[in-house]
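Trainee: Take this structure first; my questions come after.
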Protein chains: 2
Amino acid sequence: MGKKGYHHGDLRGALLDAAEELVRERGAEGWSLREASARVGVSPSAAYHHFGSRDALVRALSVRVLTRLGERMAQAAAAQAGARRSLMSACRAYVRWTLEDPAVARLAFAAPARDRDTAIDPHPHDVIDAELDRLAEAGGLVPGARPAAEFAVWAAVHGVATLLADGLMRLDTPEAAGEQTERVVEALLTGLAQEPARPWPTPRSTHTERRTRDRG
Amino acid sequence: MGKKGYHHGDLRGALLDAAEELVRERGAEGWSLREASARVGVSPSAAYHHFGSRDALVRALSVRVLTRLGERMAQAAAAQAGARRSLMSACRAYVRWTLEDPAVARLAFAAPARDRDTAIDPHPHDVIDAELDRLAEAGGLVPGARPAAEFAVWAAVHGVATLLADGLMRLDTPEAAGEQTERVVEALLTGLAQEPARPWPTPRSTHTERRTRDRG
DNA sequence: GCCGAGATCTTAACAGTGTTCAGATGTGTG
DNA sequence: CACACATCTGAACACTGTTAAGATCTCGGC
């Protein structure tokens, strides 16, 4: 996986770099495998020794950037003191990222998830999940609201993020986006705490399903 | 726009039909303009007399399906009595649709929004907006929470929808999706009502911006 | 009734795409 | 040093979006 030491050194990584650059320059779809190969200075077929197809390249890129996002979120959460504050910080990081890099975010979100998410570690969803656990343990979230929060918070944050990434919703400043996100999540948590603790079907994210299956 | 009475009658509509069919069969991206033309029994270049490019076809298809979604939502809302019930019904319709037709929904959501949204009438976002107005007038929403609700509800509903459409989140039944959506929106509204009525930057959706600009 | 004008579609071609495969080229191991 | 093998190249395939020039049909005005 690291340096290969052969002809190029790390062609796999270089191709991912070139692809990411192209996505940033021309949008999630306005680039070709041939272009990425040419930019690295290599023939198109060379890429096929590292990725089975163009789609596999996209999937690998998606894994890389979503992992980075997960790391950023975890880091943002760790930098804050209280459980509630660190959850909010993670959510803000999610939204801020898609706003800073909308094309890359679009590619990452749109990439087919099948057998991809297990390779993403830490997965953004898991970070939110862990922060919700912390919040629940700290008493900042009534136990009845915990299962609902997992679904609701992720959906809300992802909703804000995709609306902004797709250009359907516009905000004046990136800071405003973070602030809006925080208010939405806050409202959600207080609202959930208020509700009667009905049984919640707890939908699971696909990557969680897969991860637990692989472990068991 | 209607029947042309020429060679084909309504080639534009037929191409949109074929494209939509192909999207449904092979996913949002697994089809070509040439395939759609061939399915209609027409040469590829014929399509270029009705759409300036493949992208224009996609955009037009997106307009068509999002308009249908808006109509479905408005209809679902109208079928319910109370303001809160009708809002929930509209939100459920949004999510149910993306679950029934995930590939088409993905295409519609991902299509570039530039100069497209004004042609969508009723726009899904406007339907939610109108329902929130009704709810506010009926006293089911404290006035201070109204501006925040517009952003928050749309984000939450769109978040649930895209998570499901992209296969990131799975639910056992379509009904479960509607139920989850309703609970999230409900929690959101009660949470917003609880919060102090801070000034809310009120981000505007891009299509609302454009529409008001065109009117003024 | 017909005849030109213009919309509508076709044929042919272009550059560029993802993908495959036989072979050239370098690399580390026995 | 030579062999095995990972790595990359060159050429080709079918297919894509797109354009230009020309054939074909439809309709309004004489």
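Ordering of the structure tokens sets the chain letters (A, B, ...), residue numbers begin anew at 1 in every chain, and ligands are numbered from 1 in the order given.
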Which residues, written as a list in words, have at least one atom at most 6 Å from range 36-53 of chain A, with only C-alpha atoms (C1' of nucleotides) counted and residues fewer than 6 positions away on the same chain left out?

Mentor: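 Skipping anything fewer than 6 positions along the chain leaves Arg12, Ala18 and Ala19 of chain A; DC8 of chain D.
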
Trainee: Could you go through range 31-130 of chain B and tell me which residues DSSP, when run on the backbone, assigns to helix (DSSP H, G or I), listing them as a PDB file with N, CA and C atoms, in the first residue's frame?

Mentor:
ATOM      1  N   LEU B  33     -27.526   8.958 -24.222  1.00  0.00           N
ATOM      2  CA  LEU B  33     -28.452   9.652 -25.106  1.00  0.00           C
ATOM      3  C   LEU B  33     -28.741   8.820 -26.350  1.00  0.00           C
ATOM      4  N   ARG B  34     -27.737   8.137 -26.850  1.00  0.00           N
ATOM      5  CA  ARG B  34     -27.918   7.310 -28.042  1.00  0.00           C
ATOM      6  C   ARG B  34     -28.895   6.168 -27.767  1.00  0.00           C
ATOM      7  N   GLU B  35     -28.786   5.603 -26.586  1.00  0.00           N
ATOM      8  CA  GLU B  35     -29.694   4.512 -26.229  1.00  0.00           C
ATOM      9  C   GLU B  35     -31.132   5.006 -26.177  1.00  0.00           C
ATOM     10  N   ALA B  36     -31.310   6.135 -25.551  1.00  0.00           N
ATOM     11  CA  ALA B  36     -32.657   6.683 -25.450  1.00  0.00           C
ATOM     12  C   ALA B  36     -33.227   6.955 -26.842  1.00  0.00           C
ATOM     13  N   SER B  37     -32.387   7.519 -27.729  1.00  0.00           N
ATOM     14  CA  SER B  37     -32.834   7.789 -29.090  1.00  0.00           C
ATOM     15  C   SER B  37     -33.212   6.492 -29.803  1.00  0.00           C
ATOM     16  N   ALA B  38     -32.342   5.504 -29.661  1.00  0.00           N
ATOM     17  CA  ALA B  38     -32.595   4.227 -30.329  1.00  0.00           C
ATOM     18  C   ALA B  38     -33.892   3.605 -29.832  1.00  0.00           C
ATOM     19  N   ARG B  39     -34.150   3.718 -28.547  1.00  0.00           N
ATOM     20  CA  ARG B  39     -35.352   3.131 -27.978  1.00  0.00           C
ATOM     21  C   ARG B  39     -36.609   3.781 -28.563  1.00  0.00           C
ATOM     22  N   VAL B  40     -36.509   5.062 -28.873  1.00  0.00           N
ATOM     23  CA  VAL B  40     -37.626   5.780 -29.464  1.00  0.00           C
ATOM     24  C   VAL B  40     -37.689   5.482 -30.971  1.00  0.00           C
ATOM     25  N   PRO B  44     -29.555   9.516 -33.158  1.00  0.00           N
ATOM     26  CA  PRO B  44     -29.056  10.278 -32.010  1.00  0.00           C
ATOM     27  C   PRO B  44     -29.170  11.790 -32.215  1.00  0.00           C
ATOM     28  N   SER B  45     -28.883  12.232 -33.425  1.00  0.00           N
ATOM     29  CA  SER B  45     -28.848  13.678 -33.634  1.00  0.00           C
ATOM     30  C   SER B  45     -30.236  14.302 -33.579  1.00  0.00           C
ATOM     31  N   ALA B  46     -31.262  13.483 -33.750  1.00  0.00           N
ATOM     32  CA  ALA B  46     -32.623  14.014 -33.647  1.00  0.00           C
ATOM     33  C   ALA B  46     -32.843  14.647 -32.276  1.00  0.00           C
ATOM     34  N   ALA B  47     -32.224  14.026 -31.273  1.00  0.00           N
ATOM     35  CA  ALA B  47     -32.407  14.530 -29.915  1.00  0.00           C
ATOM     36  C   ALA B  47     -31.870  15.957 -29.785  1.00  0.00           C
ATOM     37  N   TYR B  48     -30.879  16.280 -30.614  1.00  0.00           N
ATOM     38  CA  TYR B  48     -30.243  17.591 -30.483  1.00  0.00           C
ATOM     39  C   TYR B  48     -31.094  18.731 -31.033  1.00  0.00           C
ATOM     40  N   HIS B  49     -32.219  18.397 -31.649  1.00  0.00           N
ATOM     41  CA  HIS B  49     -33.148  19.447 -32.077  1.00  0.00           C
ATOM     42  C   HIS B  49     -34.148  19.768 -30.976  1.00  0.00           C
ATOM     43  N   ARG B  54     -26.775  16.542 -23.861  1.00  0.00           N
ATOM     44  CA  ARG B  54     -27.235  15.492 -22.975  1.00  0.00           C
ATOM     45  C   ARG B  54     -27.584  16.054 -21.610  1.00  0.00           C
ATOM     46  N   ASP B  55     -26.771  17.001 -21.184  1.00  0.00           N
ATOM     47  CA  ASP B  55     -27.016  17.640 -19.895  1.00  0.00           C
ATOM     48  C   ASP B  55     -28.376  18.329 -19.875  1.00  0.00           C
ATOM     49  N   ALA B  56     -28.729  18.939 -20.983  1.00  0.00           N
ATOM     50  CA  ALA B  56     -30.027  19.624 -21.063  1.00  0.00           C
ATOM     51  C   ALA B  56     -31.163  18.614 -20.948  1.00  0.00           C
ATOM     52  N   LEU B  57     -30.966  17.442 -21.541  1.00  0.00           N
ATOM     53  CA  LEU B  57     -31.967  16.385 -21.403  1.00  0.00           C
ATOM     54  C   LEU B  57     -32.134  16.011 -19.938  1.00  0.00           C
ATOM     55  N   VAL B  58     -31.022  15.791 -19.282  1.00  0.00           N
ATOM     56  CA  VAL B  58     -31.058  15.430 -17.863  1.00  0.00           C
ATOM     57  C   VAL B  58     -31.768  16.503 -17.057  1.00  0.00           C
ATOM     58  N   ARG B  59     -31.449  17.757 -17.363  1.00  0.00           N
ATOM     59  CA  ARG B  59     -32.067  18.851 -16.634  1.00  0.00           C
ATOM     60  C   ARG B  59     -33.579  18.867 -16.859  1.00  0.00           C
ATOM     61  N   ALA B  60     -33.963  18.678 -18.109  1.00  0.00           N
ATOM     62  CA  ALA B  60     -35.391  18.685 -18.427  1.00  0.00           C
ATOM     63  C   ALA B  60     -36.109  17.539 -17.718  1.00  0.00           C
ATOM     64  N   LEU B  61     -35.451  16.370 -17.694  1.00  0.00           N
ATOM     65  CA  LEU B  61     -36.049  15.234 -17.001  1.00  0.00           C
ATOM     66  C   LEU B  61     -36.180  15.534 -15.516  1.00  0.00           C
ATOM     67  N   SER B  62     -35.152  16.158 -14.998  1.00  0.00           N
ATOM     68  CA  SER B  62     -35.176  16.534 -13.583  1.00  0.00           C
ATOM     69  C   SER B  62     -36.341  17.477 -13.285  1.00  0.00           C
ATOM     70  N   VAL B  63     -36.551  18.439 -14.161  1.00  0.00           N
ATOM     71  CA  VAL B  63     -37.677  19.358 -13.982  1.00  0.00           C
ATOM     72  C   VAL B  63     -38.991  18.585 -13.970  1.00  0.00           C
ATOM     73  N   ARG B  64     -39.115  17.654 -14.904  1.00  0.00           N
ATOM     74  CA  ARG B  64     -40.369  16.901 -15.008  1.00  0.00           C
ATOM     75  C   ARG B  64     -40.649  16.103 -13.751  1.00  0.00           C
ATOM     76  N   VAL B  65     -39.659  15.375 -13.277  1.00  0.00           N
ATOM     77  CA  VAL B  65     -39.915  14.506 -12.123  1.00  0.00           C
ATOM     78  C   VAL B  65     -40.056  15.301 -10.830  1.00  0.00           C
ATOM     79  N   LEU B  66     -39.319  16.400 -10.714  1.00  0.00           N
ATOM     80  CA  LEU B  66     -39.456  17.193  -9.492  1.00  0.00           C
ATOM     81  C   LEU B  66     -40.811  17.899  -9.452  1.00  0.00           C
ATOM     82  N   THR B  67     -41.308  18.273 -10.623  1.00  0.00           N
ATOM     83  CA  THR B  67     -42.649  18.848 -10.681  1.00  0.00           C
ATOM     84  C   THR B  67     -43.682  17.806 -10.245  1.00  0.00           C
ATOM     85  N   ARG B  68     -43.518  16.604 -10.754  1.00  0.00           N
ATOM     86  CA  ARG B  68     -44.427  15.526 -10.333  1.00  0.00           C
ATOM     87  C   ARG B  68     -44.356  15.304  -8.833  1.00  0.00           C
ATOM     88  N   LEU B  69     -43.125  15.354  -8.287  1.00  0.00           N
ATOM     89  CA  LEU B  69     -42.967  15.198  -6.841  1.00  0.00           C
ATOM     90  C   LEU B  69     -43.694  16.306  -6.102  1.00  0.00           C
ATOM     91  N   GLY B  70     -43.524  17.547  -6.570  1.00  0.00           N
ATOM     92  CA  GLY B  70     -44.211  18.670  -5.948  1.00  0.00           C
ATOM     93  C   GLY B  70     -45.717  18.483  -5.969  1.00  0.00           C
ATOM     94  N   GLU B  71     -46.213  18.014  -7.101  1.00  0.00           N
ATOM     95  CA  GLU B  71     -47.665  17.780  -7.215  1.00  0.00           C
ATOM     96  C   GLU B  71     -48.118  16.705  -6.240  1.00  0.00           C
ATOM     97  N   ARG B  72     -47.346  15.646  -6.184  1.00  0.00           N
ATOM     98  CA  ARG B  72     -47.687  14.560  -5.253  1.00  0.00           C
ATOM     99  C   ARG B  72     -47.729  15.059  -3.820  1.00  0.00           C
ATOM    100  N   MET B  73     -46.751  15.885  -3.479  1.00  0.00           N
ATOM    101  CA  MET B  73     -46.694  16.404  -2.114  1.00  0.00           C
ATOM    102  C   MET B  73     -47.885  17.302  -1.825  1.00  0.00           C
ATOM    103  N   ALA B  74     -48.191  18.185  -2.769  1.00  0.00           N
ATOM    104  CA  ALA B  74     -49.319  19.095  -2.578  1.00  0.00           C
ATOM    105  C   ALA B  74     -50.618  18.307  -2.435  1.00  0.00           C
ATOM    106  N   GLN B  75     -50.726  17.267  -3.244  1.00  0.00           N
ATOM    107  CA  GLN B  75     -51.916  16.417  -3.212  1.00  0.00           C
ATOM    108  C   GLN B  75     -52.014  15.676  -1.877  1.00  0.00           C
ATOM    109  N   ALA B  76     -50.877  15.139  -1.450  1.00  0.00           N
ATOM    110  CA  ALA B  76     -50.852  14.427  -0.165  1.00  0.00           C
ATOM    111  C   ALA B  76     -51.221  15.361   0.981  1.00  0.00           C
ATOM    112  N   ALA B  77     -50.752  16.604   0.884  1.00  0.00           N
ATOM    113  CA  ALA B  77     -51.052  17.578   1.930  1.00  0.00           C
ATOM    114  C   ALA B  77     -52.537  17.927   1.921  1.00  0.00           C
ATOM    115  N   ALA B  78     -53.067  18.113   0.737  1.00  0.00           N
ATOM    116  CA  ALA B  78     -54.467  18.526   0.614  1.00  0.00           C
ATOM    117  C   ALA B  78     -55.417  17.441   1.102  1.00  0.00           C
ATOM    118  N   ALA B  83     -53.444  21.280   9.839  1.00  0.00           N
ATOM    119  CA  ALA B  83     -52.251  21.872   9.248  1.00  0.00           C
ATOM    120  C   ALA B  83     -51.024  21.003   9.517  1.00  0.00           C
ATOM    121  N   ARG B  84     -50.940  20.510  10.745  1.00  0.00           N
ATOM    122  CA  ARG B  84     -49.799  19.680  11.096  1.00  0.00           C
ATOM    123  C   ARG B  84     -49.838  18.356  10.331  1.00  0.00           C
ATOM    124  N   ARG B  85     -51.011  17.783  10.265  1.00  0.00           N
ATOM    125  CA  ARG B  85     -51.153  16.516   9.541  1.00  0.00           C
ATOM    126  C   ARG B  85     -50.797  16.665   8.068  1.00  0.00           C
ATOM    127  N   SER B  86     -51.194  17.760   7.470  1.00  0.00           N
ATOM    128  CA  SER B  86     -50.945  17.936   6.041  1.00  0.00           C
ATOM    129  C   SER B  86     -49.455  18.217   5.774  1.00  0.00           C
ATOM    130  N   LEU B  87     -48.825  18.930   6.689  1.00  0.00           N
ATOM    131  CA  LEU B  87     -47.380  19.127   6.548  1.00  0.00           C
ATOM    132  C   LEU B  87     -46.662  17.783   6.593  1.00  0.00           C
ATOM    133  N   MET B  88     -47.039  16.995   7.576  1.00  0.00           N
ATOM    134  CA  MET B  88     -46.412  15.674   7.721  1.00  0.00           C
ATOM    135  C   MET B  88     -46.651  14.820   6.488  1.00  0.00           C
ATOM    136  N   SER B  89     -47.834  14.917   5.955  1.00  0.00           N
ATOM    137  CA  SER B  89     -48.181  14.124   4.778  1.00  0.00           C
ATOM    138  C   SER B  89     -47.301  14.507   3.591  1.00  0.00           C
ATOM    139  N   ALA B  90     -47.054  15.798   3.449  1.00  0.00           N
ATOM    140  CA  ALA B  90     -46.191  16.263   2.364  1.00  0.00           C
ATOM    141  C   ALA B  90     -44.771  15.732   2.538  1.00  0.00           C
ATOM    142  N   CYS B  91     -44.281  15.801   3.760  1.00  0.00           N
ATOM    143  CA  CYS B  91     -42.928  15.304   4.037  1.00  0.00           C
ATOM    144  C   CYS B  91     -42.830  13.804   3.772  1.00  0.00           C
ATOM    145  N   ARG B  92     -43.831  13.089   4.195  1.00  0.00           N
ATOM    146  CA  ARG B  92     -43.848  11.639   3.948  1.00  0.00           C
ATOM    147  C   ARG B  92     -43.828  11.349   2.462  1.00  0.00           C
ATOM    148  N   ALA B  93     -44.586  12.123   1.704  1.00  0.00           N
ATOM    149  CA  ALA B  93     -44.638  11.903   0.255  1.00  0.00           C
ATOM    150  C   ALA B  93     -43.261  12.092  -0.368  1.00  0.00           C
ATOM    151  N   TYR B  94     -42.552  13.087   0.111  1.00  0.00           N
ATOM    152  CA  TYR B  94     -41.192  13.366  -0.386  1.00  0.00           C
ATOM    153  C   TYR B  94     -40.301  12.144  -0.211  1.00  0.00           C
ATOM    154  N   VAL B  95     -40.305  11.623   1.010  1.00  0.00           N
ATOM    155  CA  VAL B  95     -39.438  10.492   1.318  1.00  0.00           C
ATOM    156  C   VAL B  95     -39.909   9.221   0.616  1.00  0.00           C
ATOM    157  N   ARG B  96     -41.213   9.013   0.614  1.00  0.00           N
ATOM    158  CA  ARG B  96     -41.745   7.813  -0.020  1.00  0.00           C
ATOM    159  C   ARG B  96     -41.359   7.761  -1.495  1.00  0.00           C
ATOM    160  N   TRP B  97     -41.414   8.916  -2.141  1.00  0.00           N
ATOM    161  CA  TRP B  97     -41.096   8.971  -3.568  1.00  0.00           C
ATOM    162  C   TRP B  97     -39.650   8.564  -3.840  1.00  0.00           C
ATOM    163  N   THR B  98     -38.697   9.111  -3.066  1.00  0.00           N
ATOM    164  CA  THR B  98     -37.297   8.772  -3.301  1.00  0.00           C
ATOM    165  C   THR B  98     -37.020   7.305  -2.992  1.00  0.00           C
ATOM    166  N   LEU B  99     -37.882   6.725  -2.167  1.00  0.00           N
ATOM    167  CA  LEU B  99     -37.707   5.323  -1.834  1.00  0.00           C
ATOM    168  C   LEU B  99     -38.285   4.422  -2.931  1.00  0.00           C
ATOM    169  N   GLU B 100     -39.349   4.869  -3.528  1.00  0.00           N
ATOM    170  CA  GLU B 100     -39.982   4.106  -4.606  1.00  0.00           C
ATOM    171  C   GLU B 100     -39.165   4.181  -5.887  1.00  0.00           C
ATOM    172  N   PRO B 102     -35.592   5.342  -6.422  1.00  0.00           N
ATOM    173  CA  PRO B 102     -34.322   5.911  -5.956  1.00  0.00           C
ATOM    174  C   PRO B 102     -33.433   6.421  -7.083  1.00  0.00           C
ATOM    175  N   ALA B 103     -33.385   5.688  -8.189  1.00  0.00           N
ATOM    176  CA  ALA B 103     -32.492   6.098  -9.279  1.00  0.00           C
ATOM    177  C   ALA B 103     -32.943   7.429  -9.868  1.00  0.00           C
ATOM    178  N   VAL B 104     -34.237   7.549 -10.118  1.00  0.00           N
ATOM    179  CA  VAL B 104     -34.766   8.796 -10.671  1.00  0.00           C
ATOM    180  C   VAL B 104     -34.550   9.934  -9.687  1.00  0.00           C
ATOM    181  N   ALA B 105     -34.749   9.641  -8.409  1.00  0.00           N
ATOM    182  CA  ALA B 105     -34.562  10.673  -7.392  1.00  0.00           C
ATOM    183  C   ALA B 105     -33.105  11.142  -7.372  1.00  0.00           C
ATOM    184  N   ARG B 106     -32.196  10.196  -7.470  1.00  0.00           N
ATOM    185  CA  ARG B 106     -30.783  10.562  -7.469  1.00  0.00           C
ATOM    186  C   ARG B 106     -30.465  11.470  -8.639  1.00  0.00           C
ATOM    187  N   LEU B 107     -30.953  11.111  -9.809  1.00  0.00           N
ATOM    188  CA  LEU B 107     -30.744  11.966 -10.979  1.00  0.00           C
ATOM    189  C   LEU B 107     -31.306  13.354 -10.748  1.00  0.00           C
ATOM    190  N   ALA B 108     -32.515  13.410 -10.222  1.00  0.00           N
ATOM    191  CA  ALA B 108     -33.189  14.698 -10.035  1.00  0.00           C
ATOM    192  C   ALA B 108     -32.438  15.561  -9.027  1.00  0.00           C
ATOM    193  N   PHE B 109     -32.015  14.968  -7.926  1.00  0.00           N
ATOM    194  CA  PHE B 109     -31.348  15.741  -6.888  1.00  0.00           C
ATOM    195  C   PHE B 109     -29.962  16.179  -7.343  1.00  0.00           C
ATOM    196  N   ALA B 110     -29.308  15.338  -8.144  1.00  0.00           N
ATOM    197  CA  ALA B 110     -27.932  15.635  -8.528  1.00  0.00           C
ATOM    198  C   ALA B 110     -27.846  16.577  -9.710  1.00  0.00           C
ATOM    199  N   ASP B 117     -34.729  25.580 -11.513  1.00  0.00           N
ATOM    200  CA  ASP B 117     -35.745  25.490 -10.471  1.00  0.00           C
ATOM    201  C   ASP B 117     -36.969  26.364 -10.718  1.00  0.00           C
ATOM    202  N   THR B 118     -36.792  27.445 -11.465  1.00  0.00           N
ATOM    203  CA  THR B 118     -37.947  28.309 -11.710  1.00  0.00           C
ATOM    204  C   THR B 118     -39.004  27.571 -12.533  1.00  0.00           C
ATOM    205  N   ALA B 119     -38.550  26.592 -13.328  1.00  0.00           N
ATOM    206  CA  ALA B 119     -39.490  25.855 -14.171  1.00  0.00           C
ATOM    207  C   ALA B 119     -40.228  24.781 -13.384  1.00  0.00           C
ATOM    208  N   PRO B 124     -41.030  21.241  -4.730  1.00  0.00           N
ATOM    209  CA  PRO B 124     -41.164  20.550  -3.443  1.00  0.00           C
ATOM    210  C   PRO B 124     -40.879  21.453  -2.249  1.00  0.00           C
ATOM    211  N   HIS B 125     -39.857  22.256  -2.378  1.00  0.00           N
ATOM    212  CA  HIS B 125     -39.524  23.148  -1.276  1.00  0.00           C
ATOM    213  C   HIS B 125     -40.647  24.154  -1.003  1.00  0.00           C
ATOM    214  N   ASP B 126     -41.271  24.641  -2.065  1.00  0.00           N
ATOM    215  CA  ASP B 126     -42.372  25.588  -1.900  1.00  0.00           C
ATOM    216  C   ASP B 126     -43.558  24.942  -1.202  1.00  0.00           C
ATOM    217  N   VAL B 127     -43.775  23.663  -1.478  1.00  0.00           N
ATOM    218  CA  VAL B 127     -44.892  22.969  -0.844  1.00  0.00           C
ATOM    219  C   VAL B 127     -44.681  22.902   0.664  1.00  0.00           C
ATOM    220  N   ILE B 128     -43.482  22.504   1.074  1.00  0.00           N
ATOM    221  CA  ILE B 128     -43.174  22.476   2.499  1.00  0.00           C
ATOM    222  C   ILE B 128     -43.346  23.866   3.092  1.00  0.00           C
ATOM    223  N   ASP B 129     -42.827  24.840   2.351  1.00  0.00           N
ATOM    224  CA  ASP B 129     -42.901  26.219   2.795  1.00  0.00           C
ATOM    225  C   ASP B 129     -44.352  26.645   3.040  1.00  0.00           C
ATOM    226  N   ALA B 130     -45.192  26.364   2.083  1.00  0.00           N
ATOM    227  CA  ALA B 130     -46.596  26.755   2.201  1.00  0.00           C
ATOM    228  C   ALA B 130     -47.259  26.059   3.385  1.00  0.00           C
TER     229      ALA B 130
END

Trainee: Do you have, as a tab-separated table, the list of residues of chain C lying at most 8 Å from chain A, each with its nearest atom pair and that distance in Å to one decimal, counting only C-alpha atoms (C1' of nucleotides) and ordered by chain then number?

Mentor:
residue	atom	partner	partner_atom	distance
C:DT17	C1'	A:Ser32	CA	7.5
C:DG18	C1'	A:Arg54	CA	7.4
C:DG26	C1'	A:His7	CA	7.1
C:DT27	C1'	A:Tyr6	CA	6.6

Trainee: Only N, CA, C and O atoms (P, O5', C5', C4', C3', O3' and C1' of nucleotides), please: the residues just picked out, written as a CSV table (one decimal), in the first residue's frame.

Mentor:
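And here's part.csv as it stands now:
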chain,number,residue,atom,x,y,z
C,17,DT,P,-11.0,11.9,-22.9
C,17,DT,O5',-11.9,10.7,-22.6
C,17,DT,C5',-13.2,10.8,-22.2
C,17,DT,C4',-13.9,9.5,-22.2
C,17,DT,C3',-13.2,8.4,-21.5
C,17,DT,O3',-13.6,8.4,-20.1
C,17,DT,C1',-14.1,7.6,-23.5
C,18,DG,P,-12.7,7.5,-19.1
C,18,DG,O5',-13.3,6.0,-19.3
C,18,DG,C5',-14.6,5.7,-18.9
C,18,DG,C4',-14.9,4.3,-19.2
C,18,DG,C3',-14.1,3.3,-18.4
C,18,DG,O3',-14.9,2.2,-18.1
C,18,DG,C1',-13.7,3.0,-20.7
C,26,DG,P,13.6,-0.1,-19.0
C,26,DG,O5',13.8,-0.3,-17.5
C,26,DG,C5',13.0,0.4,-16.6
C,26,DG,C4',12.4,-0.5,-15.5
C,26,DG,C3',13.4,-0.9,-14.4
C,26,DG,O3',12.9,-0.2,-13.2
C,26,DG,C1',12.1,-2.7,-15.1
C,27,DT,P,13.9,-0.2,-11.9
C,27,DT,O5',13.4,-1.5,-11.2
C,27,DT,C5',12.1,-1.6,-10.7
C,27,DT,C4',11.9,-2.8,-9.8
C,27,DT,C3',13.1,-3.0,-8.8
C,27,DT,O3',12.6,-3.2,-7.5
C,27,DT,C1',12.7,-5.0,-10.0

Trainee: Report the closest atom pair, with its distance in Å rounded to one decimal, for each residue of chain D that has an atom no farther than 9 Å from chain A; count only C-alpha atoms (C1' of nucleotides), sort by chain and then rising residue number, and write it as a Markdown table.

Mentor:
| residue | atom | partner | partner_atom | distance |
| --- | --- | --- | --- | --- |
| D:DA6 | C1' | A:Tyr6 | CA | 8.6 |
| D:DT7 | C1' | A:His7 | CA | 7.1 |
| D:DC8 | C1' | A:Ala46 | CA | 5.7 |
| D:DT9 | C1' | A:Ser43 | CA | 6.7 |

Trainee: For chain B, report every residue with an atom at most 6 Å from chain A (counting only C-alpha atoms), formatted as a ChimeraX atom specification.

Mentor: /B:152,155-156,158-160,168-169,171,184,187-188,190-192,203,205-206

Trainee: With only C-alpha atoms (C1' of nucleotides) as the counted atoms, please give the residues lying no more than 10 Å from DG4 in chain C, apart from itself and same-chain residues fewer than 2 positions off, as an NGL selection string.

Mentor: (:C and (2 or 6)) or (:D and (29))

Trainee: Report as a ChimeraX atom specification all protein, DNA and RNA residues lying within 12 Å of DA22 in chain C, evaluated on only C-alpha atoms (C1' of nucleotides), omitting residues in the same chain fewer than 2 positions from it.

Mentor: /C:20,24 /D:9-12

Trainee: Based on the selection just made, write C-alpha atoms (C1' of nucleotides) of those residues as a PDB file, in the first residue's frame.

Mentor:
ATOM      1  C1'  DT C  20      -8.845  -5.363 -22.937  1.00  0.00           C
ATOM      2  C1'  DA C  24       7.948  -4.654 -23.502  1.00  0.00           C
TER       3       DA C  24
ATOM      4  C1'  DT D   9       3.087   0.438 -22.814  1.00  0.00           C
ATOM      5  C1'  DG D  10       0.900   0.305 -27.511  1.00  0.00           C
ATOM      6  C1'  DA D  11      -2.614  -0.744 -30.177  1.00  0.00           C
ATOM      7  C1'  DA D  12      -7.049  -1.868 -30.754  1.00  0.00           C
TER       8       DA D  12
END

Trainee: One number please: CA of Leu16 in chain B to CA of Asp101 in chain B, in Å, one decimal.

Mentor: 15.8 Å
